[in-house]
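Worksheet for the structure shown next.
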Amino acid sequence: MLRLWGRRGHALVDYVTAPALYLAARRAGLQGPPLRWANVFVALILLAVTTTRTPLGVVRVVPFQWHGRAELASVAVQFALPWLAGFARERRARSFFLAFATYNFLVWWATDWEAEG
């Protein structure tokens with residue numbers, strides 16, 4: 001199956017995603033719990049990308065495949081979060097997290113998790 005990027009490309013996407021998510025959450029007008037959850041995901045993305053064994057990792061301790069598994073699990077949480085965290089009735093926040101989860105799933109899908117190097 002054709003994938004768009006490997007370790008380096010995925011790390012670059014993560015390094016762009018974290019600040020973009022931070023800014024997008026504020027631009028979308030998120031407040032309260034939805035904004036706090038967005039900030040949690042910003043921190044988790046930065047933690048993951050800096051600790052994963054990629055050419056752009058800082059402390060390369062997490063195997064790349066584990067990063068992929070954790071990312072896929074986080075997609076499931078992002079899809080369910082509006083209902084789990086009680087803000088599903090806030091259309092803007094719900095839509096934001098559903099869009100973010102979709103984006104993250106596409107990033108996960110586009111990554112060659114078996115890539116070397």
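For the structure tokens, the naming scheme is as follows: chains receive sequential letters (A, B, ...) according to their order of presentation, residues are indexed from 1 within each chain, and ligands are indexed from 1 in presentation order.
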
>> From a backbone DSSP assignment, name each residue in chain A labelled helix (DSSP H, G or I), as a PyMOL selection string.
In response: chain A and resi 7-27+32-51+64-84+91-110

Quick one: write out the picked residues with C-alpha atoms as a short mmCIF file (atom, residue, chain, number, x, y, z; two decimals), in the first residue's frame?
data_model
loop_
_atom_site.label_atom_id
_atom_site.label_comp_id
_atom_site.auth_asym_id
_atom_site.auth_seq_id
_atom_site.Cartn_x
_atom_site.Cartn_y
_atom_site.Cartn_z
CA ARG A 7 9.61 8.60 9.98
CA ARG A 8 10.99 11.99 9.00
CA GLY A 9 7.84 13.08 7.16
CA HIS A 10 5.58 12.02 10.00
CA ALA A 11 7.73 13.87 12.52
CA LEU A 12 7.58 17.02 10.38
CA VAL A 13 3.80 16.75 10.21
CA ASP A 14 3.64 16.38 14.01
CA TYR A 15 5.92 19.38 14.55
CA VAL A 16 3.58 21.47 12.35
CA THR A 17 0.40 20.00 13.83
CA ALA A 18 1.10 20.95 17.45
CA PRO A 19 1.32 24.74 16.97
CA ALA A 20 -1.40 24.63 14.31
CA LEU A 21 -3.72 22.88 16.77
CA TYR A 22 -2.88 25.43 19.46
CA LEU A 23 -3.75 28.31 17.13
CA ALA A 24 -6.79 26.61 15.58
CA ALA A 25 -8.37 25.96 18.98
CA ARG A 26 -8.16 29.65 19.81
CA ARG A 27 -9.29 30.74 16.35
CA GLY A 32 -13.30 25.83 29.07
CA PRO A 33 -12.94 22.04 28.85
CA PRO A 34 -12.71 21.88 25.04
CA LEU A 35 -9.81 24.36 25.03
CA ARG A 36 -8.09 22.50 27.88
CA TRP A 37 -8.44 19.22 25.97
CA ALA A 38 -7.01 20.82 22.83
CA ASN A 39 -4.06 21.98 24.92
CA VAL A 40 -3.62 18.44 26.28
CA PHE A 41 -3.38 17.13 22.72
CA VAL A 42 -0.88 19.84 21.79
CA ALA A 43 1.31 18.70 24.69
CA LEU A 44 0.83 15.00 23.86
CA ILE A 45 1.79 15.55 20.22
CA LEU A 46 4.94 17.39 21.27
CA LEU A 47 5.79 14.73 23.84
CA ALA A 48 5.27 11.97 21.29
CA VAL A 49 7.25 13.55 18.46
CA THR A 50 10.19 14.53 20.63
CA THR A 51 10.51 11.09 22.24
CA PHE A 64 8.08 4.39 15.79
CA GLN A 65 5.48 1.62 15.61
CA TRP A 66 4.42 2.32 19.22
CA HIS A 67 3.97 5.97 18.29
CA GLY A 68 1.64 4.79 15.52
CA ARG A 69 -0.39 2.63 17.87
CA ALA A 70 -0.69 5.46 20.38
CA GLU A 71 -1.69 7.85 17.63
CA LEU A 72 -4.46 5.55 16.42
CA ALA A 73 -5.72 5.17 20.00
CA SER A 74 -5.72 8.96 20.40
CA VAL A 75 -7.83 9.25 17.23
CA ALA A 76 -10.49 7.08 18.88
CA VAL A 77 -10.37 9.25 22.00
CA GLN A 78 -10.62 12.43 19.93
CA PHE A 79 -13.71 11.12 18.12
CA ALA A 80 -15.39 10.16 21.41
CA LEU A 81 -14.17 13.09 23.52
CA PRO A 82 -17.11 15.48 22.99
CA TRP A 83 -19.41 12.84 24.50
CA LEU A 84 -16.94 11.53 27.09
CA ARG A 91 -21.55 22.37 18.12
CA ARG A 92 -18.33 24.28 17.54
CA ALA A 93 -16.31 22.22 20.04
CA ARG A 94 -17.82 18.94 18.84
CA SER A 95 -17.10 19.78 15.20
CA PHE A 96 -13.57 20.89 16.08
CA PHE A 97 -12.71 17.57 17.71
CA LEU A 98 -14.36 15.49 15.00
CA ALA A 99 -12.37 17.41 12.37
CA PHE A 100 -9.17 17.06 14.42
CA ALA A 101 -9.74 13.32 14.80
CA THR A 102 -10.35 12.97 11.07
CA TYR A 103 -7.16 14.90 10.31
CA ASN A 104 -5.17 12.75 12.73
CA PHE A 105 -6.60 9.57 11.23
CA LEU A 106 -5.54 10.72 7.75
CA VAL A 107 -2.03 11.51 9.03
CA TRP A 108 -1.88 8.06 10.64
CA TRP A 109 -3.14 6.40 7.44
CA ALA A 110 -0.64 8.29 5.25
#

>> Let's see if you can do this: from backbone DSSP, list all strand (DSSP E or B) residues in chain A, as a PyMOL selection string.
In response: chain A and resi 5+52+62+111

>> Using Å and a single decimal, report how far atom CA of A:Glu116 sits from atom CA of A:Val59.
In response: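 It comes out at 17.7 Å.
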